[in-house]
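Dropping my_file_6.csv in here (CSV, C-alpha atoms):
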chain,number,residue,atom,x,y,z
A,3,MET,CA,-16.6,-59.0,-86.4
A,4,SER,CA,-14.3,-61.4,-88.2
A,5,GLY,CA,-13.0,-63.5,-85.4
A,6,VAL,CA,-9.5,-63.7,-86.9
A,7,GLU,CA,-8.2,-60.5,-85.5
A,8,VAL,CA,-4.9,-60.9,-83.7
A,9,ARG,CA,-4.3,-58.9,-80.5
A,10,PRO,CA,-1.0,-58.5,-78.7
A,11,VAL,CA,-0.9,-60.9,-75.8
A,12,ALA,CA,-0.5,-59.5,-72.2
A,13,VAL,CA,1.1,-61.9,-69.6
A,14,LEU,CA,1.2,-61.7,-65.8
A,15,GLY,CA,3.3,-64.0,-63.7
A,16,GLY,CA,5.2,-67.1,-64.7
A,17,ALA,CA,6.5,-70.5,-63.6
A,18,GLY,CA,7.4,-70.6,-59.9
A,19,GLN,CA,5.3,-67.5,-59.2
A,20,VAL,CA,2.0,-67.2,-57.2
A,21,LEU,CA,-0.2,-64.2,-58.0
A,22,GLY,CA,-2.0,-62.2,-55.4
A,23,GLU,CA,-5.8,-61.6,-55.8
A,24,ASP,CA,-5.2,-57.9,-56.2
A,25,GLU,CA,-2.8,-58.5,-59.0
A,26,VAL,CA,-5.2,-60.8,-60.8
A,27,THR,CA,-8.1,-58.4,-60.5
A,28,ARG,CA,-6.0,-55.4,-61.7
A,29,PHE,CA,-4.7,-57.4,-64.7
A,30,ILE,CA,-8.3,-58.4,-65.7
A,31,HIS,CA,-9.6,-54.8,-65.3
A,32,GLU,CA,-6.7,-53.3,-67.3
A,33,SER,CA,-6.9,-56.0,-70.0
A,34,LEU,CA,-10.6,-55.7,-70.6
A,35,ALA,CA,-10.6,-51.9,-70.4
A,36,GLU,CA,-8.3,-51.9,-73.5
A,37,ALA,CA,-10.2,-54.6,-75.4
A,38,GLY,CA,-12.7,-52.3,-77.1
A,39,LEU,CA,-15.8,-54.0,-75.7
A,40,ASP,CA,-18.0,-51.0,-75.0
A,41,GLY,CA,-21.5,-51.5,-76.2
A,42,LYS,CA,-20.9,-55.1,-77.4
A,43,SER,CA,-22.6,-58.3,-76.2
A,44,VAL,CA,-20.1,-60.7,-74.5
A,45,CYS,CA,-20.5,-64.5,-73.9
A,46,VAL,CA,-18.0,-65.7,-71.3
A,47,ILE,CA,-17.1,-69.4,-71.7
A,48,VAL,CA,-15.9,-71.0,-68.5
A,49,PRO,CA,-15.0,-74.6,-67.5
A,50,ASP,CA,-17.1,-76.9,-65.4
A,51,ALA,CA,-16.0,-78.1,-61.9
A,52,THR,CA,-13.5,-80.8,-63.2
A,53,ARG,CA,-10.6,-78.3,-63.4
A,54,SER,CA,-8.6,-76.5,-60.7
A,55,CYS,CA,-9.4,-72.8,-61.2
A,56,PRO,CA,-10.2,-69.8,-59.0
A,57,LEU,CA,-13.3,-69.1,-61.1
A,58,PRO,CA,-15.1,-67.0,-58.5
A,59,LEU,CA,-12.1,-64.6,-58.4
A,60,LEU,CA,-11.9,-64.4,-62.2
A,61,LEU,CA,-15.6,-64.0,-62.8
A,62,THR,CA,-15.9,-61.3,-60.1
A,63,ALA,CA,-13.2,-59.3,-61.8
A,64,VAL,CA,-14.7,-59.9,-65.3
A,65,HIS,CA,-18.1,-58.8,-64.1
A,66,GLY,CA,-16.7,-55.7,-62.4
A,67,ALA,CA,-14.7,-54.8,-65.5
A,68,LEU,CA,-17.6,-55.2,-67.9
A,69,THR,CA,-20.7,-54.1,-66.0
A,70,GLY,CA,-22.2,-50.9,-67.4
A,71,ARG,CA,-19.9,-51.1,-70.4
A,72,VAL,CA,-21.3,-54.0,-72.5
A,73,SER,CA,-24.8,-54.4,-73.8
A,74,ARG,CA,-25.3,-58.0,-72.6
A,75,LEU,CA,-23.3,-60.4,-70.5
A,76,THR,CA,-23.8,-64.2,-70.6
A,77,VAL,CA,-21.8,-67.0,-68.8
A,78,LEU,CA,-21.8,-70.3,-70.6
A,79,VAL,CA,-20.4,-73.4,-68.8
A,80,ALA,CA,-18.4,-75.6,-71.2
A,81,LEU,CA,-19.6,-79.0,-70.2
A,82,GLY,CA,-18.4,-80.8,-73.3
A,83,THR,CA,-20.5,-83.9,-72.7
A,84,HIS,CA,-20.2,-83.8,-68.9
A,85,ALA,CA,-23.3,-83.8,-66.6
A,86,GLU,CA,-25.5,-80.7,-66.3
A,87,MET,CA,-24.7,-78.6,-63.3
A,88,THR,CA,-27.6,-77.8,-61.0
A,89,PRO,CA,-28.5,-74.2,-60.0
A,90,ALA,CA,-26.9,-74.8,-56.6
A,91,GLN,CA,-23.8,-76.3,-58.1
A,92,LEU,CA,-23.5,-73.4,-60.6
A,93,GLU,CA,-23.8,-70.8,-57.8
A,94,ALA,CA,-21.0,-72.5,-55.8
A,95,HIS,CA,-18.9,-73.0,-58.9
A,96,LEU,CA,-19.1,-69.5,-60.1
A,97,GLY,CA,-18.9,-67.8,-56.7
A,98,GLY,CA,-22.5,-66.7,-56.5
A,99,SER,CA,-24.9,-64.9,-58.8
A,100,TYR,CA,-24.1,-61.8,-60.7
A,101,ASP,CA,-26.4,-58.9,-61.4
A,102,GLY,CA,-27.3,-58.6,-65.1
A,103,VAL,CA,-25.7,-61.9,-66.0
A,104,THR,CA,-27.4,-64.8,-67.7
A,105,VAL,CA,-25.8,-68.2,-66.7
A,106,LEU,CA,-26.2,-71.2,-69.0
A,107,ASN,CA,-25.2,-74.8,-69.0
A,108,HIS,CA,-24.1,-76.1,-72.4
A,109,GLU,CA,-27.1,-78.2,-73.0
A,110,TRP,CA,-25.4,-80.6,-75.4
A,111,TRP,CA,-28.3,-83.1,-75.2
A,112,LYS,CA,-30.7,-80.7,-76.9
A,113,GLU,CA,-30.6,-80.3,-80.7
A,114,ASP,CA,-31.8,-76.7,-80.6
A,115,THR,CA,-28.7,-75.7,-78.6
A,116,PHE,CA,-26.7,-75.7,-81.8
A,117,VAL,CA,-26.2,-73.6,-84.9
A,118,ASP,CA,-24.4,-74.9,-88.0
A,119,LEU,CA,-21.2,-73.0,-88.9
A,120,GLY,CA,-20.1,-75.1,-91.9
A,121,THR,CA,-18.1,-78.2,-92.6
A,122,ILE,CA,-14.5,-79.2,-92.5
A,123,SER,CA,-14.0,-81.3,-95.6
A,124,ALA,CA,-12.7,-84.8,-95.7
A,125,ASP,CA,-9.7,-83.7,-97.7
A,126,ARG,CA,-8.9,-81.0,-95.2
A,127,VAL,CA,-9.3,-83.5,-92.3
A,128,GLY,CA,-6.9,-85.9,-94.2
A,129,GLU,CA,-4.4,-83.1,-94.5
A,130,ILE,CA,-4.6,-82.0,-90.8
A,131,SER,CA,-4.4,-85.6,-89.6
A,132,GLY,CA,-1.5,-86.7,-91.7
A,133,GLY,CA,-3.8,-89.2,-93.4
A,134,LEU,CA,-5.1,-90.9,-90.2
A,135,LEU,CA,-8.7,-89.8,-91.0
A,136,HIS,CA,-10.5,-88.9,-94.1
A,137,ASP,CA,-13.9,-88.0,-92.8
A,138,ALA,CA,-15.8,-84.6,-93.1
A,139,ALA,CA,-16.9,-83.0,-89.9
A,140,ALA,CA,-20.0,-80.8,-89.5
A,141,VAL,CA,-19.1,-77.9,-87.3
A,142,ARG,CA,-22.0,-77.1,-84.8
A,143,LEU,CA,-21.6,-74.7,-81.9
A,144,ASN,CA,-23.8,-73.5,-79.0
A,145,ARG,CA,-25.9,-70.7,-80.4
A,146,ALA,CA,-25.1,-68.5,-77.4
A,147,VAL,CA,-21.6,-68.0,-78.7
A,148,VAL,CA,-22.7,-67.1,-82.2
A,149,GLU,CA,-25.4,-64.7,-80.9
A,150,HIS,CA,-22.9,-62.5,-79.1
A,151,ASP,CA,-20.4,-60.0,-80.6
A,152,VAL,CA,-17.6,-61.3,-78.5
A,153,ALA,CA,-16.7,-64.8,-77.1
A,154,LEU,CA,-14.4,-64.5,-74.1
A,155,VAL,CA,-12.8,-67.7,-72.9
A,156,VAL,CA,-11.9,-67.7,-69.2
A,157,GLY,CA,-10.2,-70.8,-67.9
A,158,PRO,CA,-7.1,-72.9,-67.1
A,159,VAL,CA,-4.5,-74.6,-69.3
A,160,PHE,CA,-3.2,-78.0,-68.4
A,161,PRO,CA,-1.4,-80.9,-70.2
A,162,HIS,CA,-4.2,-82.8,-72.0
A,163,GLU,CA,-4.6,-86.3,-73.3
A,164,VAL,CA,-6.4,-85.4,-76.6
A,165,VAL,CA,-5.0,-82.1,-77.7
A,166,GLY,CA,-1.6,-81.7,-76.1
A,167,PHE,CA,-2.5,-78.8,-73.8
A,168,SER,CA,-6.0,-77.7,-72.9
A,169,GLY,CA,-7.4,-74.2,-73.2
A,170,GLY,CA,-7.9,-71.7,-75.9
A,171,ASN,CA,-10.2,-72.8,-78.7
A,172,LYS,CA,-10.7,-76.1,-76.9
A,173,TYR,CA,-13.3,-74.3,-74.8
A,174,PHE,CA,-15.4,-74.1,-78.0
A,175,PHE,CA,-14.5,-77.5,-79.4
A,176,PRO,CA,-15.4,-79.7,-77.6
A,177,GLY,CA,-16.4,-77.5,-74.7
A,178,VAL,CA,-19.6,-76.1,-76.3
A,179,ALA,CA,-19.7,-78.0,-79.6
A,180,GLY,CA,-21.8,-80.6,-81.4
A,181,GLN,CA,-21.1,-84.3,-81.4
A,182,GLU,CA,-19.4,-84.4,-84.8
A,183,VAL,CA,-16.3,-82.4,-84.0
A,184,ILE,CA,-16.1,-83.9,-80.5
A,185,ASP,CA,-16.1,-87.4,-82.0
A,186,LEU,CA,-13.6,-86.6,-84.8
A,187,SER,CA,-11.1,-84.7,-82.6
A,188,HIS,CA,-11.1,-87.3,-79.8
A,189,TRP,CA,-10.7,-90.2,-82.2
A,190,LEU,CA,-7.9,-88.5,-83.9
A,191,GLY,CA,-6.2,-88.0,-80.5
A,192,ALA,CA,-6.8,-91.7,-79.8
A,193,LEU,CA,-5.2,-92.7,-83.1
A,194,ILE,CA,-2.1,-90.7,-82.2
A,195,THR,CA,-2.5,-92.2,-78.6
A,196,SER,CA,-2.7,-90.3,-75.3
A,197,ALA,CA,0.9,-91.0,-74.4
A,198,GLY,CA,1.9,-89.7,-77.8
A,199,ILE,CA,0.1,-86.4,-77.6
A,200,ILE,CA,-0.3,-85.4,-73.9
A,201,GLY,CA,1.9,-82.5,-73.0
A,202,THR,CA,3.1,-81.9,-76.6
A,203,PRO,CA,3.6,-78.2,-77.1
A,204,GLY,CA,2.4,-76.2,-80.1
A,205,ASN,CA,0.0,-77.2,-82.8
A,206,THR,CA,-0.7,-80.9,-82.6
A,207,PRO,CA,-3.0,-82.3,-85.3
A,208,VAL,CA,-5.9,-82.2,-82.9
A,209,ARG,CA,-5.2,-78.6,-81.9
A,210,THR,CA,-5.0,-77.7,-85.6
A,211,LEU,CA,-8.4,-79.3,-86.2
A,212,ILE,CA,-9.9,-77.4,-83.3
A,213,ASP,CA,-8.4,-74.1,-84.5
A,214,GLU,CA,-9.8,-74.8,-88.0
A,215,ALA,CA,-13.3,-75.3,-86.5
A,216,ALA,CA,-12.9,-72.1,-84.4
A,217,SER,CA,-12.1,-70.1,-87.5
A,218,LEU,CA,-15.7,-70.5,-88.5
A,219,ILE,CA,-17.0,-68.7,-85.4
A,220,PRO,CA,-18.4,-65.2,-86.4
A,221,ALA,CA,-17.8,-63.7,-83.0
A,222,GLU,CA,-14.5,-62.0,-82.0
A,223,LYS,CA,-12.6,-64.6,-79.9
A,224,LEU,CA,-10.7,-63.5,-76.9
A,225,ALA,CA,-9.2,-65.5,-74.0
A,226,LEU,CA,-8.1,-65.0,-70.5
A,227,SER,CA,-5.9,-68.1,-70.2
A,228,VAL,CA,-4.7,-69.0,-66.7
A,229,VAL,CA,-2.1,-71.4,-65.3
A,230,ALA,CA,-3.5,-72.7,-62.0
A,231,GLN,CA,-1.5,-74.1,-59.0
A,232,SER,CA,-3.0,-77.5,-59.2
A,233,GLY,CA,-5.4,-78.4,-56.4
A,234,THR,CA,-5.5,-74.8,-55.1
A,235,ASN,CA,-7.3,-71.5,-55.7
A,236,SER,CA,-4.0,-69.8,-56.7
A,237,LEU,CA,-2.6,-68.9,-60.1
A,238,HIS,CA,1.0,-69.0,-61.4
A,239,ALA,CA,0.3,-66.9,-64.5
A,240,MET,CA,-2.4,-65.5,-66.8
A,241,ALA,CA,-2.4,-64.3,-70.4
A,242,PHE,CA,-4.9,-62.1,-72.2
A,243,GLY,CA,-5.3,-61.8,-76.0
A,244,ASP,CA,-6.9,-63.7,-78.9
A,245,THR,CA,-7.7,-67.4,-78.2
A,246,ILE,CA,-4.6,-68.6,-80.0
A,247,SER,CA,-1.9,-66.2,-78.7
A,248,SER,CA,-3.3,-66.2,-75.2
A,249,TRP,CA,-3.3,-70.0,-75.1
A,250,GLN,CA,0.2,-70.2,-76.5
A,251,ALA,CA,1.6,-68.0,-73.8
A,252,ALA,CA,-0.2,-69.9,-71.0
A,253,SER,CA,0.7,-73.3,-72.4
A,254,ALA,CA,4.4,-72.4,-72.3
A,255,VAL,CA,4.0,-71.7,-68.6
A,256,SER,CA,2.0,-74.8,-68.0
A,257,ALA,CA,4.7,-76.9,-69.7
A,258,GLU,CA,7.2,-75.6,-67.0
A,259,THR,CA,4.7,-75.9,-64.2
A,260,HIS,CA,2.5,-79.0,-64.8
A,261,ILE,CA,5.0,-81.6,-66.0
A,262,ARG,CA,7.2,-83.5,-63.5
A,263,TYR,CA,10.1,-85.8,-64.6
A,264,LEU,CA,11.3,-89.1,-63.1
A,265,ASP,CA,14.7,-90.6,-63.8
A,266,LYS,CA,13.3,-94.1,-64.2
A,267,PRO,CA,10.0,-95.9,-64.5
A,268,VAL,CA,8.0,-97.2,-61.5
A,269,ARG,CA,6.2,-100.5,-61.2
A,270,ARG,CA,3.0,-99.1,-59.8
A,271,VAL,CA,1.2,-95.8,-59.4
A,272,VAL,CA,-1.6,-95.2,-57.0
A,273,SER,CA,-3.5,-92.1,-58.1
A,274,LEU,CA,-5.6,-90.6,-55.3
A,275,MET,CA,-8.4,-88.8,-57.1
A,276,PRO,CA,-9.9,-85.6,-55.7
A,277,SER,CA,-13.6,-85.2,-55.4
A,278,ARG,CA,-13.9,-82.9,-58.5
A,279,TYR,CA,-13.9,-86.2,-60.5
A,280,GLN,CA,-17.2,-87.8,-60.0
A,281,ASP,CA,-17.1,-90.7,-62.5
A,282,ILE,CA,-14.3,-92.6,-64.3
A,283,TRP,CA,-15.0,-90.6,-67.5
A,284,THR,CA,-13.3,-87.7,-65.7
A,285,ALA,CA,-11.3,-89.5,-63.0
A,286,ALA,CA,-9.4,-91.4,-65.8
A,287,LYS,CA,-7.1,-88.4,-65.9
A,288,GLY,CA,-5.4,-90.2,-63.0
A,289,PHE,CA,-4.2,-92.7,-65.6
A,290,TYR,CA,-3.5,-90.4,-68.5
A,291,LYS,CA,-1.1,-88.2,-66.5
A,292,VAL,CA,1.0,-91.2,-65.3
A,293,GLU,CA,1.0,-93.7,-68.1
A,294,PRO,CA,4.4,-92.5,-69.5
A,295,ILE,CA,6.2,-93.4,-66.2
A,296,VAL,CA,4.9,-96.9,-65.6
A,297,ALA,CA,7.1,-99.8,-66.5
A,298,ASP,CA,6.0,-102.4,-69.0
A,299,GLY,CA,3.7,-104.9,-67.1
A,300,GLY,CA,3.2,-102.3,-64.4
A,301,GLU,CA,-0.1,-101.1,-62.8
A,302,VAL,CA,-2.0,-97.9,-62.2
A,303,ILE,CA,-4.6,-98.0,-59.4
A,304,LEU,CA,-7.2,-95.3,-59.4
A,305,TYR,CA,-8.3,-94.7,-55.8
A,306,ALA,CA,-11.6,-92.9,-55.7
A,307,PRO,CA,-14.0,-94.4,-53.2
A,308,LEU,CA,-16.7,-91.8,-53.8
A,309,VAL,CA,-16.9,-92.7,-57.5
A,310,THR,CA,-19.9,-95.0,-58.2
A,311,GLN,CA,-20.2,-94.9,-62.0
A,312,LEU,CA,-18.0,-95.5,-65.0
A,313,ALA,CA,-19.6,-92.7,-67.0
A,314,ALA,CA,-22.8,-90.9,-65.8
A,315,MET,CA,-23.6,-89.5,-69.3
A,316,HIS,CA,-22.1,-92.3,-71.4
A,317,PRO,CA,-23.5,-95.6,-70.1
A,318,GLU,CA,-22.5,-97.4,-73.4
A,319,ILE,CA,-19.0,-97.6,-72.0
A,320,GLU,CA,-20.2,-100.4,-69.8
A,321,GLN,CA,-21.0,-102.5,-72.8
A,322,ILE,CA,-18.0,-101.5,-74.9
A,323,GLY,CA,-15.5,-101.8,-72.0
A,324,TYR,CA,-11.9,-100.4,-71.9
A,325,HIS,CA,-9.5,-101.5,-74.7
A,326,CYS,CA,-6.4,-100.4,-76.5
A,327,ARG,CA,-6.6,-98.6,-79.8
A,328,ASP,CA,-5.7,-101.7,-81.9
A,329,TYR,CA,-8.5,-103.7,-80.4
A,330,PHE,CA,-11.0,-101.3,-82.1
A,331,LEU,CA,-9.0,-100.8,-85.3
A,332,GLY,CA,-8.6,-104.6,-85.7
A,333,GLN,CA,-12.4,-105.0,-85.5
A,334,TRP,CA,-13.5,-101.7,-87.0
A,335,ASP,CA,-16.7,-103.0,-88.7
A,336,GLN,CA,-18.0,-103.9,-85.2
A,337,PHE,CA,-17.3,-100.5,-83.7
A,338,ARG,CA,-17.4,-97.8,-86.4
A,339,ASP,CA,-21.0,-96.8,-85.6
A,340,ALA,CA,-20.3,-96.2,-81.9
A,341,HIS,CA,-19.6,-92.7,-80.7
A,342,TRP,CA,-15.9,-92.2,-81.5
A,343,GLY,CA,-15.6,-90.0,-78.4
A,344,VAL,CA,-16.6,-93.0,-76.3
A,345,LEU,CA,-14.1,-95.2,-78.1
A,346,ALA,CA,-11.4,-92.6,-77.6
A,347,HIS,CA,-12.1,-92.5,-73.8
A,348,SER,CA,-11.9,-96.3,-73.7
A,349,THR,CA,-8.4,-96.3,-75.4
A,350,HIS,CA,-7.1,-93.4,-73.3
A,351,LEU,CA,-7.8,-95.2,-70.1
A,352,ARG,CA,-6.6,-98.6,-71.3
A,353,GLY,CA,-3.4,-97.2,-72.7
A,354,ALA,CA,-0.9,-98.7,-75.2
A,355,GLY,CA,-1.4,-102.3,-76.3
A,356,THR,CA,-1.8,-104.7,-79.2
A,357,TRP,CA,-4.6,-106.9,-80.6
A,358,ASP,CA,-4.7,-109.6,-83.2
A,359,PRO,CA,-7.3,-112.4,-83.9
A,360,VAL,CA,-5.0,-115.2,-82.6
A,361,ASN,CA,-3.5,-113.7,-79.5
A,362,GLY,CA,-6.3,-111.3,-78.6
A,363,GLU,CA,-5.6,-108.1,-76.6
A,364,ARG,CA,-2.4,-107.4,-74.8
A,365,CYS,CA,-2.1,-104.1,-72.9
A,366,ARG,CA,1.2,-102.7,-71.7
A,367,VAL,CA,-0.1,-101.6,-68.3
A,368,ASP,CA,-2.8,-103.0,-65.9
A,369,VAL,CA,-5.5,-100.6,-64.8
A,370,THR,CA,-7.2,-101.2,-61.5
A,371,LEU,CA,-10.2,-99.4,-60.0
A,372,ALA,CA,-10.4,-98.9,-56.2
A,373,THR,CA,-13.8,-97.2,-56.3
A,374,GLY,CA,-17.4,-97.5,-55.3
A,375,ILE,CA,-18.3,-99.1,-58.6
A,376,PRO,CA,-19.5,-102.7,-58.2
A,377,GLU,CA,-16.9,-105.4,-58.9
A,378,ASP,CA,-18.9,-107.1,-61.6
A,379,VAL,CA,-19.3,-103.8,-63.5
A,380,VAL,CA,-15.5,-103.1,-63.3
A,381,ARG,CA,-14.5,-106.6,-64.4
A,382,ARG,CA,-17.0,-106.6,-67.3
A,383,ALA,CA,-15.4,-103.4,-68.5
A,384,ASN,CA,-12.0,-105.1,-68.8
A,385,LEU,CA,-10.5,-103.4,-65.7
A,386,GLY,CA,-9.0,-104.8,-62.5
A,387,TYR,CA,-10.8,-104.4,-59.2
A,388,LEU,CA,-9.7,-103.6,-55.6
A,389,ASP,CA,-12.0,-103.1,-52.7
A,390,PRO,CA,-11.2,-99.5,-51.6
A,391,ALA,CA,-11.9,-100.4,-48.0
A,392,GLY,CA,-9.1,-102.9,-48.0
A,393,LEU,CA,-6.5,-100.8,-49.8
A,394,ASP,CA,-3.6,-100.1,-47.4
A,395,LEU,CA,-2.1,-96.8,-48.5
A,396,THR,CA,0.7,-97.0,-46.0
A,397,GLN,CA,1.9,-100.2,-47.5
A,398,TYR,CA,2.0,-98.7,-50.9
A,399,GLU,CA,3.7,-95.5,-49.6
A,400,ASN,CA,6.4,-97.7,-48.1
A,401,ASP,CA,6.9,-99.7,-51.3
A,402,PRO,CA,10.0,-98.4,-53.2
A,403,GLU,CA,8.5,-99.6,-56.5
A,404,THR,CA,5.2,-97.7,-56.0
A,405,LEU,CA,4.5,-93.9,-56.4
A,406,VAL,CA,1.5,-92.7,-54.5
A,407,LEU,CA,0.1,-89.4,-55.9
A,408,PRO,CA,-2.2,-87.2,-54.0
A,409,ASN,CA,-4.5,-84.8,-56.0
A,410,ALA,CA,-3.8,-86.8,-59.2
A,411,GLY,CA,-5.2,-85.9,-62.6
A,412,GLU,CA,-3.6,-82.6,-63.5
A,413,ILE,CA,0.2,-82.9,-63.2
A,414,LEU,CA,1.7,-84.9,-66.1
A,415,HIS,CA,4.5,-87.3,-65.2
A,416,ARG,CA,7.2,-88.2,-67.7
A,417,LEU,CA,10.5,-89.9,-67.9
A,418,ARG,CA,13.6,-87.7,-68.5
As structure tokens, how would this structure be written, given the file I've shared?
Amino acid sequence: MSGVEVRPVAVLGGAGQVLGEDEVTRFIHESLAEAGLDGKSVCVIVPDATRSCPLPLLLTAVHGALTGRVSRLTVLVALGTHAEMTPAQLEAHLGGSYDGVTVLNHEWWKEDTFVDLGTISADRVGEISGGLLHDAAAVRLNRAVVEHDVALVVGPVFPHEVVGFSGGNKYFFPGVAGQEVIDLSHWLGALITSAGIIGTPGNTPVRTLIDEAASLIPAEKLALSVVAQSGTNSLHAMAFGDTISSWQAASAVSAETHIRYLDKPVRRVVSLMPSRYQDIWTAAKGFYKVEPIVADGGEVILYAPLVTQLAAMHPEIEQIGYHCRDYFLGQWDQFRDAHWGVLAHSTHLRGAGTWDPVNGERCRVDVTLATGIPEDVVRRANLGYLDPAGLDLTQYENDPETLVLPNAGEILHRLR
């Protein structure tokens, strides 16, 4: 099937609402019953454990709605380039095992995971990026998606530092994609800057690039896009339709739900990172979501005592360190051959700043880690260090210039 079919979007709930489990299950059953899936093979693409999402509830309903109707049902976990989930982790994450369902990690580290879908030309990338990039991108995707009739995305939508809002076709690119589109899309986001794109509604340049890549997928693309109550197993809303219209409906609710506004900047933010973030590669969201509200010369402290690594799957960040965008652009010959996705992560955590050969690097905000990562590793990576055992949260909570944020990483903070 063509993959460009547009279905009317169905929406349940909205900002300020909390859906009951029976409502969620009924909506999924009704939506999938009308989707024309009988006799087809379906690949369900779901997030890993770094997002708030009542995935067991959603998958139980999807399984119940499709069992006996579809010819084959596969669940593919969109790791991007995150760590592989063990069988025990998968069972807990998905809510158990499901009869007749094959469960797969996106094994991004294996070449035979991928099939080639084509290429986005350098001219087209230049057009999409507004001239920021002029590089062609090979489009490779997990073969499980291509080898099913239907690709059904099931997952949450949040403000996102690379694309504006997560969800929709982002579950394909970078969720189950090859390195080429991952690097290109993330570096494009870095060139725009995290603060310049995060929480931006509609078709950002990165979203347009992702949708362009997704247009090459031969399977029919559907999405059950949900808006989660951050840090809980509850939902505010859900939308079902094609991967674009469903995402648009959910991102509109996310914009009302997941963005909080302050009247003036703060001097310091202490982001208390929940356990779903197991390294700085993922816990850095505690910086992305607050950078816009920190005053010039201020500080963000990421408090995550259980985190012991900068990046479990990307150890090269220890050598590259964390730097602003201009640090890399000003010395591009030195860095152009590194994975651009790693460079993008570096700039996203270090935030806005400048670099020149005379004055060196000057970043707008200080970033300090209060984690289980050794001090020498942190300081070599160009970040500040605090011993988490000596961090007095009460002192920070009583400081009028400091904002202490529990469950940080999903709610975007902005100035009015």
Spatial neighbours of Gly170 (chain A), max dist 8 Å, only C-alpha atoms, sep filter under 6 positions, as a list of chain:residue names: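 Close residues of Gly170 (chain A): A:Val155, A:Val159, A:Ala225, A:Ser227, A:Thr245, A:Ile246, A:Ser248, A:Trp249.
Here the question is which of A:Ala383, A:Val164, A:Ala306, A:Val360 gets nearest to Gly323 (chain A) using only C-alpha atoms, and that residue is A:Ala383.
All residues of protein, DNA or RNA that reach within 9 Å of region 128-142 of chain A, judged by only C-alpha atoms and not counting those fewer than 3 positions away in the chain, are Phe116, Val117, Asp118, Leu119, Gly120, Thr121, Ile122, Ser123, Ala124, Asp125, Arg145, Val178, Ala179, Gly180, Gln181, Glu182, Val183, Leu186, Leu190, Leu193, Ile194, Pro207, Val208, Thr210, Leu211, Ala215, Ala216 and Leu218 of chain A.
Proximity of A:His238, A:Lys223, A:His162, A:Arg74 to Lys291 (chain A), computed with all atoms listed in the file, is greatest for A:His162.
Of note, CA of Ala192 (chain A) and CA of Ala346 (chain A) are spaced 5.2 Å apart.
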Shell of 10 Å around Leu34 (chain A), all atoms listed in the file, local chain residues under 3 positions omitted, as a list in words: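 Contacts, with the query itself left out: Phe29, Ile30, His31, Ala37, Gly38, Leu39, Asp40, Ala63, Val64, Ala67, Leu68, Leu226, Phe242 and Gly243 of chain A.
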Identify which of the residues A:Ala85, A:Leu395, A:Val228, A:Leu312 lies closest to Arg381 (chain A), counting all atoms listed in the file when measuring atom-to-atom distances.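 Using all atoms listed in the file, the shortest distance to Arg381 (chain A) belongs to A:Leu312.
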Close residues, region 363-380 of chain A itself excluded, 6 Å, all atoms listed in the file, min 2 positions apart in chain, as JSON, numbers by chain: {"A": [298, 299, 300, 301, 302, 303, 304, 305, 306, 307, 308, 309, 310, 311, 354, 355, 356, 357, 382, 383, 385, 386, 387, 388, 389, 390]}
Please produce, as JSON lines, a per-residue contact table for region 182-284 of chain A versus region 49-59 of chain A (criterion: any atom at most 10 Å away, all atoms listed in the file considered), showing the nearest atom pair and its distance in Å to one decimal, sorted by chain then residue number.
{"residue": "A:Val228", "atom": "CA", "partner": "A:Cys55", "partner_atom": "CA", "distance": 8.2}
{"residue": "A:Val229", "atom": "CA", "partner": "A:Cys55", "partner_atom": "CA", "distance": 8.5}
{"residue": "A:Ala230", "atom": "CA", "partner": "A:Cys55", "partner_atom": "CA", "distance": 6.0}
{"residue": "A:Gln231", "atom": "CA", "partner": "A:Ser54", "partner_atom": "CA", "distance": 7.7}
{"residue": "A:Ser232", "atom": "CA", "partner": "A:Ser54", "partner_atom": "CA", "distance": 5.9}
{"residue": "A:Gly233", "atom": "CA", "partner": "A:Ser54", "partner_atom": "CA", "distance": 5.7}
{"residue": "A:Thr234", "atom": "CA", "partner": "A:Ser54", "partner_atom": "CA", "distance": 6.6}
{"residue": "A:Asn235", "atom": "CA", "partner": "A:Pro56", "partner_atom": "CA", "distance": 4.7}
{"residue": "A:Ser236", "atom": "CA", "partner": "A:Pro56", "partner_atom": "CA", "distance": 6.6}
{"residue": "A:Leu237", "atom": "CA", "partner": "A:Pro56", "partner_atom": "CA", "distance": 7.7}
{"residue": "A:Pro276", "atom": "CA", "partner": "A:Thr52", "partner_atom": "CA", "distance": 9.6}
{"residue": "A:Ser277", "atom": "CA", "partner": "A:Thr52", "partner_atom": "CA", "distance": 9.0}
{"residue": "A:Arg278", "atom": "CA", "partner": "A:Thr52", "partner_atom": "CA", "distance": 5.2}
{"residue": "A:Tyr279", "atom": "CA", "partner": "A:Thr52", "partner_atom": "CA", "distance": 6.1}
{"residue": "A:Gln280", "atom": "CA", "partner": "A:Thr52", "partner_atom": "CA", "distance": 8.5}
{"residue": "A:Thr284", "atom": "CA", "partner": "A:Thr52", "partner_atom": "CA", "distance": 7.3}
Students should find that CA of Asn205 (chain A) and CA of Lys172 (chain A) are spaced 12.3 Å
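Between CA of Thr88 (chain A) and CA of Asp281 (chain A) lies a distance of 16.7 Å.
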Within 12 Å of Gly362 (chain A) using only C-alpha atoms, minus same-chain residues under 5 positions, as a VMD selection string: chain A and resid 325 to 326 328 to 330 332 to 333 355 to 357
For Gly66 (chain A), which residue among A:Ala297, A:Leu78, A:Val103, A:Ile261 is the nearest when counting all atoms listed in the file? A:Val103
